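These notes concern the structure reproduced below.
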Amino acid sequence: MKNFQYILLALLLFSGVNMLKAQGKWYASSSFQMVGSSFNDGESHNSYFLYGGMRYYSPAFSISMSVPVVFGSENAYSQIGEMYLPNDGGYENGGRMSNGSGMNGASGIGLGDLYLNGSFRIIKELETIPDISIEGYIKFPTATPNIGIGTGEFDSQIGIGLKKFIGRVSLFGQFGYLFIGDNGQAANTNPFTISAGIGYAFGMGTHSILLAYDSYTTIVQGVASPRQLALGYNYMINYGLFFTAIVSAGLNSSASDYTISGGLNFEL
């Protein structure tokens with residue numbers, strides 16, 4: 001497990017070195033995110049995230065880093081990739097993902113986990129062939145322990161990504177495998193991950209919308225596999241300055257009821 005993470009980290013950093021030789025651009029981002037669910041205690045629990053990040057992008061390579069400041073966590077959620085899993089239902093006590101001690105009402109301000117993402121194109125898009133890339137991330141356990149948002153362990157994912165443009169329409173998909181660090185609190189199973197989506201650009205490319213579906217296979221035995229649906233909107237305010245908003249809904253009790261986020265991306 002740890003050896004795989006070191007290898008993936010080396011590949012991400014190697015991609016970053018190669019990107020510096022390619023034509024690409026640096027971007028900075030800032031966004032605010034709210035996550036909420038109704039729990040078995042009859043209460044609605046919300047957590048708030050203020051994200052900051054950097055990204056280097058070129059058609060053949062990309063690498064990005066992001067980390068949030070977390071407000072009012074209440075040990076309510078554990079983040080795995082793009083999903084927030086409620087520490088309720090099957091994920092509390094022996095099945096919970098968090099390194100916290102349970103739904104104890106604790107809250108506060110702290111740092112979340114740092115994510116390092118990378119993508120390396122291996123086949124360039126042609127008329128009948130999509131872009132094919134190797135994609136992955138490493139989650140570094142930087143989360144403040146007492147807010148309970150992290151597992152306290154490294155996680156990593158590796159996958160194959162597909163992307164195809166047909167006029168103003170874009171199609172994408174990813175099939176991956178997620179390595180979850182063992183925090184000694186749950187008998188977790190490393191899941192396969194599936195993502196698929198469709199986008200549409202309009203207004204001379206100033207506006208775009210995206211509908212995406214994400215699903216994991218079983219993580220904790222006896223608990224439903226997390227699934228969610230997301231709708232995103234992107235607006236180019238000026239050249240190199242973008243506003244992005246995303247609303248997602250959990251499709252079962254293993255994913256947060258909703259996630260709402262909005263923020264800016266700007267070219268450096």
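Chain labels follow the order of the structure tokens: the first chain is A, the next B, and so on; residue numbering restarts at 1 in every chain, and ligands are counted from 1 in their shown order.
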Item to complete: Write out as a list of chain:residue names each polymer residue whose atoms come within 10 Å of Asn190 (chain A), counting only C-alpha atoms; drop sequence neighbours fewer than 2 positions from it.
Response: A:Asp155, A:Gln157, A:Tyr177, A:Leu178, A:Phe179, A:Ile180, A:Gly181, A:Ala187, A:Asn188, A:Phe192, A:Thr193, A:Tyr216, A:Thr217, A:Thr218, A:Ile219, A:Val220
With N, CA and C atoms retained, export the selected residues as a compact mmCIF listing (two decimals), in the first residue's frame.
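Produced file part02.txt, reproduced below:
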# COMPACT_ATOMS: atom_id res chain seq x y z
N ASP A 155 -4.46 8.11 1.51
CA ASP A 155 -5.27 7.41 0.52
C ASP A 155 -4.68 7.71 -0.85
N GLN A 157 -5.47 6.98 -5.37
CA GLN A 157 -6.29 6.42 -6.43
C GLN A 157 -5.51 6.42 -7.73
N TYR A 177 -9.25 2.66 -9.20
CA TYR A 177 -9.16 1.81 -8.01
C TYR A 177 -8.61 2.68 -6.89
N LEU A 178 -9.27 2.62 -5.74
CA LEU A 178 -8.92 3.48 -4.61
C LEU A 178 -8.30 2.66 -3.49
N PHE A 179 -7.15 3.10 -3.03
CA PHE A 179 -6.45 2.47 -1.90
C PHE A 179 -6.73 3.31 -0.65
N ILE A 180 -7.46 2.75 0.30
CA ILE A 180 -7.82 3.46 1.52
C ILE A 180 -6.88 3.05 2.64
N GLY A 181 -6.31 4.04 3.30
CA GLY A 181 -5.40 3.76 4.41
C GLY A 181 -6.13 3.13 5.58
N ALA A 187 -13.04 -2.20 9.07
CA ALA A 187 -12.57 -3.18 8.09
C ALA A 187 -12.98 -2.70 6.70
N ASN A 188 -12.23 -1.74 6.19
CA ASN A 188 -12.57 -1.13 4.91
C ASN A 188 -12.07 -1.99 3.75
N PHE A 192 -13.48 -0.02 -6.26
CA PHE A 192 -13.35 0.51 -7.61
C PHE A 192 -14.18 1.78 -7.69
N THR A 193 -13.76 2.70 -8.54
CA THR A 193 -14.47 3.97 -8.70
C THR A 193 -14.88 4.14 -10.15
N TYR A 216 -18.77 4.49 -6.07
CA TYR A 216 -17.75 3.58 -5.56
C TYR A 216 -18.40 2.22 -5.33
N THR A 217 -17.63 1.17 -5.45
CA THR A 217 -18.11 -0.13 -5.01
C THR A 217 -18.02 -0.17 -3.48
N THR A 218 -18.34 -1.32 -2.89
CA THR A 218 -18.45 -1.43 -1.43
C THR A 218 -17.16 -1.03 -0.72
N ILE A 219 -17.31 -0.17 0.30
CA ILE A 219 -16.18 0.22 1.15
C ILE A 219 -16.27 -0.48 2.50
N VAL A 220 -17.44 -0.46 3.11
CA VAL A 220 -17.68 -1.16 4.37
C VAL A 220 -18.76 -2.20 4.13
Worksheet item: Hey, what does DSSP flag as alpha helix (DSSP H) within region 15-219 of chain A? Can you give it to me as a list in words?
Response: Ser15, Gly16, Val17, Asn18 and Met19 of chain A
Write the selection just made, keeping C-alpha atoms, as a JSON list (two decimals), in the first residue's frame?
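Okay, selection.json is ready:
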[["chain", "number", "residue", "atom", "x", "y", "z"],
["A", 15, "SER", "CA", 4.47, 14.48, -14.71],
["A", 16, "GLY", "CA", 4.91, 17.87, -13.08],
["A", 17, "VAL", "CA", 8.52, 18.10, -14.20],
["A", 18, "ASN", "CA", 7.51, 17.21, -17.75],
["A", 19, "MET", "CA", 4.74, 19.81, -17.67]]
Fill in: Test item: residues at most 12 Å from Glu127 (chain A), only C-alpha atoms, excluding those fewer than 4 positions along its chain, as a list in words
Asp131, Lys164, Phe165, Ile166 and Gly167 of chain A
Discussion item. Which residue is closest to Ile237 (chain A)? Choose from A:Val35, A:Leu264, A:Ile63, A:Ile209 and count only C-alpha atoms.
Written reply: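 Closest residue, counting only C-alpha atoms: A:Leu264.
Across the model, the gap from CA of Asn87 (chain A) to CA of Tyr233 (chain A) is 29.0 Å.
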Item to complete: Determine the nearest neighbour of Phe202 (chain A) from the options A:Val69, A:Met236, A:Leu85, A:Leu116, counting only C-alpha atoms.
Response: A:Met236
Practice prompt. Please measure the separation of CA of Tyr200 (chain A) and CA of Arg168 (chain A), giving the value in Å to one decimal.
Written response: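 According to the coordinates, CA of Tyr200 (chain A) and CA of Arg168 (chain A) are separated by 5.6 Å.
By only C-alpha atoms, and with residues fewer than 3 positions from Ile134 (chain A) along its chain excluded, the set lying at most 10 Å from it is Phe61, Gly118, Ser119, Phe120, Arg121, Ile122, Ile123, Ile158, Gly159, Ile160, Gly161, Leu162, Gln174 and Gly176 of chain A.
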Practice prompt. Compile the contact shell of Tyr48 (chain A) as a count of residues only: residues with an atom at most 10 Å away, counting only C-alpha atoms, same-chain residues fewer than 6 positions apart removed.
Written response: 15
Discussion item. Which residues are close to Tyr258 (chain A), i.e. within 10 Å by only C-alpha atoms, leaving aside same-chain residues fewer than 2 positions away? Reply as number ranges by chain.
Written reply: A: 34-38, 46, 84, 228-230, 247-251, 255-256, 260
